[in-house]
file target17.txt (compact mmCIF, C-alpha atoms and all ligand atoms)
# COMPACT_ATOMS: atom_id res chain seq x y z
CA MET A 1 0.00 0.00 0.00
CA PRO A 2 1.39 3.50 -0.77
CA SER A 3 2.95 5.12 2.30
CA ASP A 4 0.88 7.57 4.29
CA ALA A 5 3.91 9.78 4.86
CA HIS A 6 3.33 12.73 2.61
CA ALA A 7 3.79 16.47 2.29
CA ARG A 8 1.19 18.80 3.78
CA PRO A 9 0.27 22.26 2.52
CA GLY A 10 1.44 25.30 4.51
CA ILE A 11 -0.87 26.56 7.21
CA ASP A 12 -2.29 29.47 5.18
CA LEU A 13 -3.03 27.23 2.23
CA ALA A 14 -4.57 24.60 4.50
CA ARG A 15 -6.85 27.30 5.94
CA LEU A 16 -7.81 28.45 2.45
CA ILE A 17 -8.63 24.84 1.47
CA ASP A 18 -10.84 24.47 4.55
CA ARG A 19 -12.70 27.67 3.69
CA LEU A 20 -13.18 27.09 -0.04
CA PRO A 21 -16.80 26.39 -1.00
CA LYS A 22 -16.39 23.10 -2.85
CA VAL A 23 -18.32 21.61 -5.72
CA GLU A 24 -17.83 17.86 -6.14
CA LEU A 25 -18.33 16.67 -9.71
CA HIS A 26 -16.82 13.18 -9.50
CA VAL A 27 -17.97 10.96 -6.67
CA HIS A 28 -19.63 7.53 -6.95
CA LEU A 29 -22.21 7.11 -4.19
CA GLU A 30 -21.36 3.41 -4.03
CA GLY A 31 -17.75 4.49 -3.49
CA THR A 32 -18.73 6.35 -0.31
CA LEU A 33 -19.79 3.11 1.42
CA GLU A 34 -17.62 3.06 4.56
CA PRO A 35 -16.91 -0.40 6.06
CA GLU A 36 -18.83 0.47 9.27
CA LEU A 37 -22.01 1.16 7.27
CA ALA A 38 -21.38 -1.90 5.06
CA PHE A 39 -21.32 -4.13 8.17
CA ARG A 40 -24.44 -2.49 9.62
CA LEU A 41 -26.36 -2.96 6.36
CA ALA A 42 -25.06 -6.53 5.93
CA ALA A 43 -26.41 -7.45 9.39
CA ARG A 44 -29.73 -5.71 8.74
CA ASN A 45 -30.22 -7.40 5.37
CA GLY A 46 -28.80 -10.81 6.24
CA VAL A 47 -26.04 -10.48 3.62
CA ALA A 48 -22.71 -12.30 4.13
CA LEU A 49 -19.51 -10.30 3.60
CA PRO A 50 -16.26 -12.02 2.51
CA VAL A 51 -14.35 -10.51 5.48
CA GLY A 52 -15.07 -10.71 9.21
CA SER A 53 -14.34 -7.18 10.42
CA VAL A 54 -14.12 -3.53 9.48
CA ASN A 55 -10.34 -3.64 9.92
CA GLU A 56 -10.02 -6.66 7.65
CA MET A 57 -12.13 -4.88 5.06
CA ARG A 58 -9.93 -1.78 5.11
CA ALA A 59 -6.81 -3.96 4.95
CA ALA A 60 -8.12 -5.45 1.69
CA TYR A 61 -8.05 -2.00 0.06
CA ASP A 62 -4.61 -2.47 -1.49
CA PHE A 63 -5.27 -2.20 -5.21
CA ALA A 64 -3.04 -3.18 -8.12
CA ASP A 65 -5.14 -1.35 -10.72
CA LEU A 66 -8.68 -0.22 -11.56
CA GLN A 67 -10.06 -3.74 -12.08
CA SER A 68 -8.79 -5.07 -8.74
CA PHE A 69 -10.63 -2.18 -7.07
CA LEU A 70 -13.83 -2.64 -9.10
CA ASP A 71 -14.03 -6.32 -8.15
CA ILE A 72 -14.16 -5.42 -4.43
CA TYR A 73 -16.35 -2.34 -4.96
CA TYR A 74 -19.06 -4.23 -6.89
CA ALA A 75 -19.03 -7.09 -4.35
CA ALA A 76 -19.52 -4.68 -1.42
CA CYS A 77 -22.62 -3.24 -3.12
CA SER A 78 -24.51 -6.45 -2.24
CA VAL A 79 -25.29 -4.95 1.20
CA LEU A 80 -27.40 -2.20 -0.45
CA VAL A 81 -30.88 -3.69 -0.70
CA THR A 82 -33.70 -1.40 0.38
CA ARG A 83 -34.73 2.16 -0.51
CA GLU A 84 -33.72 3.14 3.04
CA ASP A 85 -30.21 1.68 2.51
CA PHE A 86 -29.67 3.97 -0.49
CA ARG A 87 -31.02 6.91 1.50
CA GLU A 88 -28.68 6.21 4.44
CA LEU A 89 -25.67 5.81 2.15
CA THR A 90 -26.42 9.15 0.48
CA ARG A 91 -27.17 10.94 3.75
CA ALA A 92 -23.87 9.74 5.25
CA TYR A 93 -21.99 11.10 2.23
CA MET A 94 -23.79 14.46 2.51
CA ALA A 95 -22.84 14.77 6.19
CA ARG A 96 -19.19 14.00 5.39
CA ALA A 97 -19.22 16.37 2.42
CA HIS A 98 -20.61 19.15 4.61
CA ALA A 99 -17.61 18.74 6.92
CA ASP A 100 -15.41 19.57 3.89
CA ARG A 101 -17.56 22.57 2.94
CA VAL A 102 -19.05 20.95 -0.16
CA ARG A 103 -21.83 23.28 -1.32
CA HIS A 104 -23.01 21.46 -4.45
CA VAL A 105 -22.50 17.86 -5.59
CA GLU A 106 -23.25 15.90 -8.75
CA PRO A 107 -22.83 12.27 -7.65
CA PHE A 108 -22.91 9.19 -9.85
CA PHE A 109 -24.86 6.06 -9.18
CA ASP A 110 -24.59 2.80 -11.13
CA PRO A 111 -28.15 1.39 -11.36
CA GLN A 112 -27.05 -1.76 -13.21
CA THR A 113 -24.89 -2.87 -10.26
CA HIS A 114 -28.12 -3.15 -8.29
CA THR A 115 -30.85 -3.95 -10.82
CA ASP A 116 -28.79 -6.95 -11.98
CA ARG A 117 -29.19 -8.27 -8.37
CA GLY A 118 -32.96 -7.82 -8.53
CA ILE A 119 -33.24 -4.42 -6.80
CA ALA A 120 -36.02 -2.23 -8.24
CA ILE A 121 -34.67 0.87 -9.98
CA GLY A 122 -37.32 3.00 -8.25
CA ASP A 123 -35.97 2.01 -4.82
CA ILE A 124 -32.45 2.96 -5.85
CA VAL A 125 -33.35 6.32 -7.42
CA VAL A 126 -35.92 7.41 -4.83
CA GLY A 127 -33.69 6.36 -1.91
CA ILE A 128 -30.81 8.41 -3.32
CA LEU A 129 -33.01 11.41 -4.14
CA ASP A 130 -34.40 11.33 -0.58
CA GLY A 131 -30.86 11.28 0.82
CA LEU A 132 -29.87 14.21 -1.39
CA ALA A 133 -32.97 16.12 -0.22
CA ASP A 134 -31.98 15.37 3.41
CA GLY A 135 -28.56 16.85 2.67
CA GLU A 136 -30.03 19.99 1.14
CA ARG A 137 -32.41 20.46 4.08
CA ASP A 138 -29.75 19.81 6.77
CA TYR A 139 -26.70 21.42 5.19
CA GLY A 140 -27.83 23.53 2.22
CA ILE A 141 -25.91 21.30 -0.21
CA THR A 142 -27.57 21.41 -3.64
CA SER A 143 -27.18 18.51 -6.04
CA GLY A 144 -27.70 17.02 -9.49
CA LEU A 145 -27.81 13.24 -9.80
CA ILE A 146 -25.93 11.44 -12.62
CA LEU A 147 -27.07 8.03 -13.86
CA SER A 148 -23.97 6.17 -14.98
CA PHE A 149 -23.90 3.21 -17.37
CA LEU A 150 -21.47 0.33 -16.87
CA ARG A 151 -19.26 0.10 -19.94
CA HIS A 152 -18.29 -3.56 -19.35
CA LEU A 153 -21.92 -4.45 -20.08
CA PRO A 154 -23.46 -4.22 -23.59
CA ALA A 155 -24.89 -0.94 -24.89
CA GLU A 156 -28.30 -2.64 -25.11
CA ALA A 157 -28.24 -2.98 -21.30
CA ALA A 158 -27.55 0.75 -21.03
CA GLU A 159 -30.53 1.41 -23.35
CA ALA A 160 -32.78 -0.73 -21.14
CA THR A 161 -31.53 1.08 -18.03
CA LEU A 162 -32.30 4.49 -19.54
CA SER A 163 -35.81 3.29 -20.45
CA ALA A 164 -36.39 1.89 -16.95
CA ALA A 165 -35.31 5.23 -15.42
CA GLU A 166 -37.75 7.29 -17.52
CA PRO A 167 -40.21 8.01 -14.65
CA TRP A 168 -37.42 9.80 -12.74
CA LEU A 169 -35.49 11.47 -15.56
CA ASP A 170 -36.80 14.93 -14.63
CA ARG A 171 -34.87 14.52 -11.36
CA ILE A 172 -31.66 13.30 -13.00
CA VAL A 173 -29.30 15.86 -14.51
CA ALA A 174 -27.00 13.76 -16.69
CA VAL A 175 -25.85 10.35 -17.84
CA GLY A 176 -22.32 9.06 -17.34
CA LEU A 177 -20.14 6.10 -18.35
CA ASP A 178 -17.84 4.25 -15.96
CA SER A 179 -16.29 0.88 -15.00
CA SER A 180 -13.36 -0.86 -16.78
CA GLU A 181 -11.93 1.50 -19.39
CA VAL A 182 -9.36 -0.56 -21.26
CA GLY A 183 -11.07 -2.92 -23.71
CA PHE A 184 -14.45 -1.18 -23.39
CA PRO A 185 -14.41 1.77 -25.83
CA PRO A 186 -16.99 4.58 -25.90
CA GLU A 187 -18.30 4.14 -29.47
CA PRO A 188 -20.97 1.46 -28.75
CA PHE A 189 -22.59 3.91 -26.31
CA ALA A 190 -23.04 6.73 -28.87
CA GLY A 191 -26.68 5.75 -29.49
CA VAL A 192 -27.79 5.67 -25.85
CA PHE A 193 -25.94 8.91 -25.11
CA ALA A 194 -27.67 10.58 -28.10
CA ARG A 195 -31.05 9.39 -26.82
CA ALA A 196 -30.30 10.66 -23.31
CA ARG A 197 -29.28 14.06 -24.69
CA ALA A 198 -32.45 14.18 -26.81
CA LEU A 199 -34.40 13.55 -23.60
CA GLY A 200 -32.82 16.71 -22.13
CA LEU A 201 -30.04 15.14 -20.07
CA ARG A 202 -26.46 16.34 -20.04
CA ALA A 203 -23.62 13.88 -20.62
CA VAL A 204 -20.28 13.10 -18.98
CA ALA A 205 -17.98 10.08 -19.29
CA HIS A 206 -14.91 8.54 -17.70
CA ALA A 207 -11.96 8.59 -20.09
CA GLY A 208 -8.18 8.87 -19.85
CA GLU A 209 -7.94 7.21 -16.43
CA GLU A 210 -6.09 4.01 -17.38
CA GLY A 211 -6.87 4.47 -21.07
CA GLU A 212 -4.65 6.49 -23.41
CA ALA A 213 -5.21 10.12 -24.46
CA ALA A 214 -6.73 9.01 -27.78
CA LEU A 215 -9.67 7.58 -25.81
CA VAL A 216 -10.39 11.06 -24.46
CA ALA A 217 -10.56 12.39 -28.02
CA ARG A 218 -12.76 9.48 -29.14
CA THR A 219 -15.09 10.07 -26.19
CA LEU A 220 -15.46 13.72 -27.22
CA ASP A 221 -16.07 12.61 -30.83
CA CYS A 222 -18.88 10.17 -30.08
CA LEU A 223 -20.69 10.93 -26.81
CA GLY A 224 -21.43 14.69 -26.79
CA VAL A 225 -20.07 15.10 -23.25
CA SER A 226 -19.59 18.38 -21.37
CA ARG A 227 -17.10 16.88 -18.94
CA ILE A 228 -14.41 14.20 -19.00
CA ASP A 229 -14.11 12.23 -15.76
CA HIS A 230 -10.47 11.64 -14.75
CA GLY A 231 -8.92 12.70 -18.07
CA VAL A 232 -5.45 12.82 -16.53
CA ARG A 233 -3.85 10.85 -19.36
CA ALA A 234 -4.85 13.60 -21.81
CA ALA A 235 -1.59 15.18 -20.64
CA ASP A 236 0.26 12.61 -22.80
CA ASP A 237 -0.94 14.39 -25.95
CA PRO A 238 -0.70 18.19 -26.38
CA ALA A 239 -3.32 18.12 -29.16
CA VAL A 240 -5.86 16.45 -26.87
CA MET A 241 -5.09 18.96 -24.10
CA ARG A 242 -5.55 21.82 -26.59
CA ARG A 243 -8.87 20.38 -27.69
CA LEU A 244 -10.08 20.15 -24.06
CA ALA A 245 -8.94 23.70 -23.35
CA ASP A 246 -10.38 25.20 -26.55
CA SER A 247 -13.76 23.52 -26.12
CA GLY A 248 -14.07 24.43 -22.43
CA ILE A 249 -14.53 20.82 -21.36
CA THR A 250 -14.21 20.37 -17.61
CA VAL A 251 -11.89 17.58 -16.42
CA THR A 252 -12.83 16.00 -13.09
CA ALA A 253 -9.53 14.75 -11.70
CA CYS A 254 -9.28 12.51 -8.62
CA PRO A 255 -5.72 12.56 -7.27
CA LEU A 256 -6.00 10.04 -4.41
CA SER A 257 -7.83 7.63 -6.70
CA ASN A 258 -5.05 7.89 -9.28
CA LEU A 259 -2.47 7.17 -6.60
CA ARG A 260 -4.32 4.25 -5.00
CA LEU A 261 -5.16 2.64 -8.38
CA ARG A 262 -1.55 3.12 -9.52
CA VAL A 263 -2.43 5.37 -12.44
CA ILE A 264 0.46 7.49 -11.10
CA PRO A 265 3.50 6.25 -9.13
CA SER A 266 3.43 9.19 -6.71
CA MET A 267 1.32 12.29 -6.11
CA GLU A 268 4.20 14.41 -7.40
CA ARG A 269 3.80 12.70 -10.78
CA SER A 270 0.17 13.79 -11.15
CA THR A 271 -0.47 15.47 -14.51
CA ILE A 272 -2.86 18.02 -13.01
CA ARG A 273 -0.36 20.88 -13.26
CA THR A 274 0.41 20.05 -16.90
CA LEU A 275 -3.31 20.13 -17.68
CA MET A 276 -3.77 23.42 -15.84
CA GLU A 277 -0.82 25.02 -17.62
CA ALA A 278 -2.37 23.94 -20.95
CA GLY A 279 -5.51 25.87 -20.01
CA VAL A 280 -7.70 22.84 -19.24
CA ALA A 281 -10.50 23.47 -16.71
CA VAL A 282 -9.38 20.96 -14.08
CA THR A 283 -11.34 20.20 -10.91
CA ILE A 284 -10.39 18.14 -7.83
CA ASN A 285 -12.67 15.37 -6.62
CA SER A 286 -12.76 12.20 -4.52
CA ASP A 287 -14.07 9.40 -6.84
CA ASP A 288 -14.53 6.58 -4.26
CA PRO A 289 -13.47 8.19 -0.99
CA ALA A 290 -14.32 5.24 1.29
CA TYR A 291 -11.80 3.14 -0.64
CA PHE A 292 -9.03 5.62 -1.43
CA GLY A 293 -8.26 7.09 1.98
CA GLY A 294 -9.77 10.54 1.67
CA TYR A 295 -12.66 12.81 0.82
CA ILE A 296 -12.53 15.95 -1.30
CA GLY A 297 -10.70 18.07 1.29
CA ASP A 298 -7.98 15.42 1.55
CA ASN A 299 -7.67 15.42 -2.24
CA TYR A 300 -7.22 19.21 -2.29
CA ARG A 301 -4.61 19.05 0.51
CA ARG A 302 -2.60 16.19 -0.96
CA ILE A 303 -2.41 17.58 -4.50
CA ALA A 304 -1.74 21.14 -3.31
CA ALA A 305 1.23 19.94 -1.27
CA ALA A 306 2.60 17.55 -3.89
CA LEU A 307 2.42 20.05 -6.77
CA SER A 308 3.06 23.22 -4.70
CA LEU A 309 -0.19 24.72 -5.93
CA THR A 310 -0.71 28.38 -5.05
CA ALA A 311 -3.75 30.08 -3.54
CA GLY A 312 -4.53 31.34 -7.04
CA ASP A 313 -4.36 27.80 -8.47
CA LEU A 314 -6.75 26.50 -5.80
CA ARG A 315 -9.16 29.35 -6.33
CA ARG A 316 -9.13 28.60 -10.05
CA VAL A 317 -9.84 24.90 -9.42
CA ALA A 318 -12.77 25.78 -7.15
CA ALA A 319 -14.13 28.21 -9.77
CA ASN A 320 -13.73 25.59 -12.51
CA ALA A 321 -15.91 23.23 -10.47
CA ILE A 322 -18.65 25.84 -10.03
CA ASN A 323 -18.58 26.86 -13.70
CA GLY A 324 -18.36 23.25 -14.94
CA SER A 325 -21.30 22.08 -12.84
CA PHE A 326 -24.86 21.65 -14.07
CA ALA A 327 -26.21 23.96 -11.35
CA THR A 328 -28.56 26.74 -12.41
CA ALA A 329 -27.08 30.11 -13.39
CA GLY A 330 -28.46 31.56 -10.15
CA ARG A 331 -26.84 28.87 -7.99
CA LYS A 332 -23.53 29.32 -9.82
CA ARG A 333 -23.65 33.06 -9.06
CA GLU A 334 -24.25 32.31 -5.36
CA LEU A 335 -21.35 29.86 -5.24
CA LEU A 336 -19.00 32.23 -7.09
CA ALA A 337 -19.91 34.93 -4.55
CA GLU A 338 -19.13 32.48 -1.69
CA LEU A 339 -15.82 31.74 -3.36
CA GLU A 340 -14.95 35.47 -3.50
CA VAL A 341 -15.62 35.81 0.23
CA ALA A 342 -13.57 32.68 1.06
CA ALA A 343 -10.66 33.80 -1.10
CA ALA A 344 -10.70 37.23 0.56
CA GLY A 345 -10.23 35.43 3.88
CA THR A 346 -13.36 36.68 5.54
CA ALA A 347 -15.45 33.52 5.40
N1 LIG B 1 -16.50 3.23 -10.84
C1 LIG B 1 -16.20 3.63 -9.61
N2 LIG B 1 -14.98 4.18 -9.57
C2 LIG B 1 -14.49 4.14 -10.83
C3 LIG B 1 -13.29 4.55 -11.44
N3 LIG B 1 -12.30 5.14 -10.75
N4 LIG B 1 -13.14 4.34 -12.76
C4 LIG B 1 -14.10 3.73 -13.46
N5 LIG B 1 -15.25 3.32 -12.93
C5 LIG B 1 -15.45 3.52 -11.63
ZN ZN B 2 -15.01 7.63 -11.18
call {"tool": "encode", "arguments": {"input": "target17.txt", "output": "structure tokens", "more": "lines below"}}
Ligand code: ADE
Ligand code: ZN
result
Amino acid sequence: MPSDAHARPGIDLARLIDRLPKVELHVHLEGTLEPELAFRLAARNGVALPVGSVNEMRAAYDFADLQSFLDIYYAACSVLVTREDFRELTRAYMARAHADRVRHVEPFFDPQTHTDRGIAIGDIVVGILDGLADGERDYGITSGLILSFLRHLPAEAAEATLSAAEPWLDRIVAVGLDSSEVGFPPEPFAGVFARARALGLRAVAHAGEEGEAALVARTLDCLGVSRIDHGVRAADDPAVMRRLADSGITVTACPLSNLRLRVIPSMERSTIRTLMEAGVAVTINSDDPAYFGGYIGDNYRRIAAALSLTAGDLRRVAANAINGSFATAGRKRELLAELEVAAAGTA
């Protein structure tokens, strides 16, 4: 497992990071399932887990690559059974996000991980929406839910999932595409993404995590996305970076995820600075925080220290997240005003 000894930002920068109003654009709700909650839900639902304790579960989080993580992540989802389970999962994330001053979030959920086990899509969606509403009521965190398709399953399954979700599409802001990247290209999903966009949804997709920069370009070519999730390998190709910068596509980077899934050998080797210097609208996010050792604040702190980011860099990242979100124009104005106050040091 990568060492926990790491650089910390200076005290002023750490204070700024605490104060920044954060917008999280890349977090999988299933990836916020902490072992304690997994054990509680397993007991409640009579589901057996492959490990005997919370400590054993955490000790298993030593990943060789994306697939070795996904295998554990999908297996743990078996404890999520009822509408109330999805609500509790979401509410727990919202409470943790509030502690990091998250003010708006656009989380992913993977319906197919659950419907393929016989869970009704309505229970998944309504449970999550209830949890998001709890978070808005208790903490003022606004949200936009993203329905993500699993790319290791056929495009026809994504089509069926979109159809099954139709009763709730007015409460879903976008579709996404995740799971194993290498060997599962974006092109087969062009049809379902076009249908989702015709239904009024926005589109985002994972690309350039383990896959090469060309996959980022191909994703832009075929899916009509406004954001690229991860996108860090775009830094391998200046033309792809230029295309991202020129088209104003937001890149939702997840530094701790990249480290823990061995996309990068050390935080210092993150490509986030290269992307920023190329004019790409980079944001900092947590991906699957229960598995990767940190939530969004930890991601800000670790990357700021490793890349010696300045206050100006961090302010730009926070503004990129507000501007790249699917929040209303009015909500974006409020968040930008909060950012001004935080950056001036009076918040
Ligand atoms: N699903 C959850 N986390 C993911 C990641 N980092 N990449 C692809 N799919 C995912
Ligand atoms: Zn992700």
call {"tool": "residues_around", "arguments": {"input": "target17.txt", "residues": "His98 in chain A", "least_positions_apart": "4", "cutoff": "10 Å", "atoms": "all atoms listed in the file", "output": "PyMOL selection string"}}
result
chain A and resi 21-22+92-94+102-104+135+138-141
call {"tool": "atom_distance", "arguments": {"input": "target17.txt", "atom1": "CA of Leu215 in chain A", "atom2": "CA of Pro185 in chain A"}}
result
7.5 Å
call {"tool": "residues_around", "arguments": {"input": "target17.txt", "residues": "Arg195 in chain A", "least_positions_apart": "4", "cutoff": "12 Å", "atoms": "all atoms listed in the file", "output": "list in words"}}
result
Ala158, Glu159, Ala160, Leu162, Ser163, Glu166, Ala174, Val175, Phe189, Ala190, Gly191, Leu199, Gly200, Leu201, Arg202, Ala203, Leu223 and Gly224 of chain A
call {"tool": "residues_around", "arguments": {"input": "target17.txt", "residues": "Ala133 in chain A", "least_positions_apart": "2", "cutoff": "12 Å", "atoms": "only C-alpha atoms", "output": "list in words"}}
result
Arg87, Glu88, Thr90, Arg91, Met94, Val105, Val126, Gly127, Ile128, Leu129, Asp130, Gly131, Gly135, Glu136, Arg137, Asp138, Tyr139, Gly140, Ile141, Thr142, Ser143, Gly144, Leu145 and Arg171 of chain A
call {"tool": "residues_near_ligand", "arguments": {"input": "target17.txt", "ligand": "ligand ZN 2 (chain B)", "cutoff": "12 Å", "atoms": "only C-alpha atoms and all ligand atoms", "output": "MDAnalysis selection string"}}
result
chainID A and resid 24:32 66 69:70 73 106:110 146 148:150 176:181 204:210 228:231 251:258 261 284:289 291:292
call {"tool": "closest_residue", "arguments": {"input": "target17.txt", "among": "A:Asp134, A:Asp237, A:Asp65, A:Glu156", "to": "ligand LIG 1 (chain B)", "atoms": "all atoms listed in the file"}}
result
A:Asp65
call {"tool": "atom_distance", "arguments": {"input": "target17.txt", "atom1": "CA of Ala64 in chain A", "atom2": "CA of Met267 in chain A"}}
result
16.2 Å
call {"tool": "closest_residue", "arguments": {"input": "target17.txt", "among": "A:Ala290, A:Arg218, A:Ala59, A:Arg19", "to": "ligand LIG 1 (chain B)", "atoms": "all atoms listed in the file"}}
result
A:Ala290
call {"tool": "axis_aligned_box", "arguments": {"input": "target17.txt", "around": "ligand LIG 1 (chain B)", "padding_each_side": "3 Å", "output": "AutoDock Vina command-line options"}}
result
--center_x -14.4 --center_y 4.2 --center_z -11.5 --size_x 10.2 --size_y 7.9 --size_z 9.9
call {"tool": "closest_residue", "arguments": {"input": "target17.txt", "among": "A:Arg83, A:Arg262, A:Arg8, A:Arg243", "to": "ligand LIG 1 (chain B)", "atoms": "only C-alpha atoms and all ligand atoms"}}
result
A:Arg262
call {"tool": "atom_distance", "arguments": {"input": "target17.txt", "atom1": "CA of His114 in chain A", "atom2": "CA of Ser78 in chain A"}}
result
7.8 Å
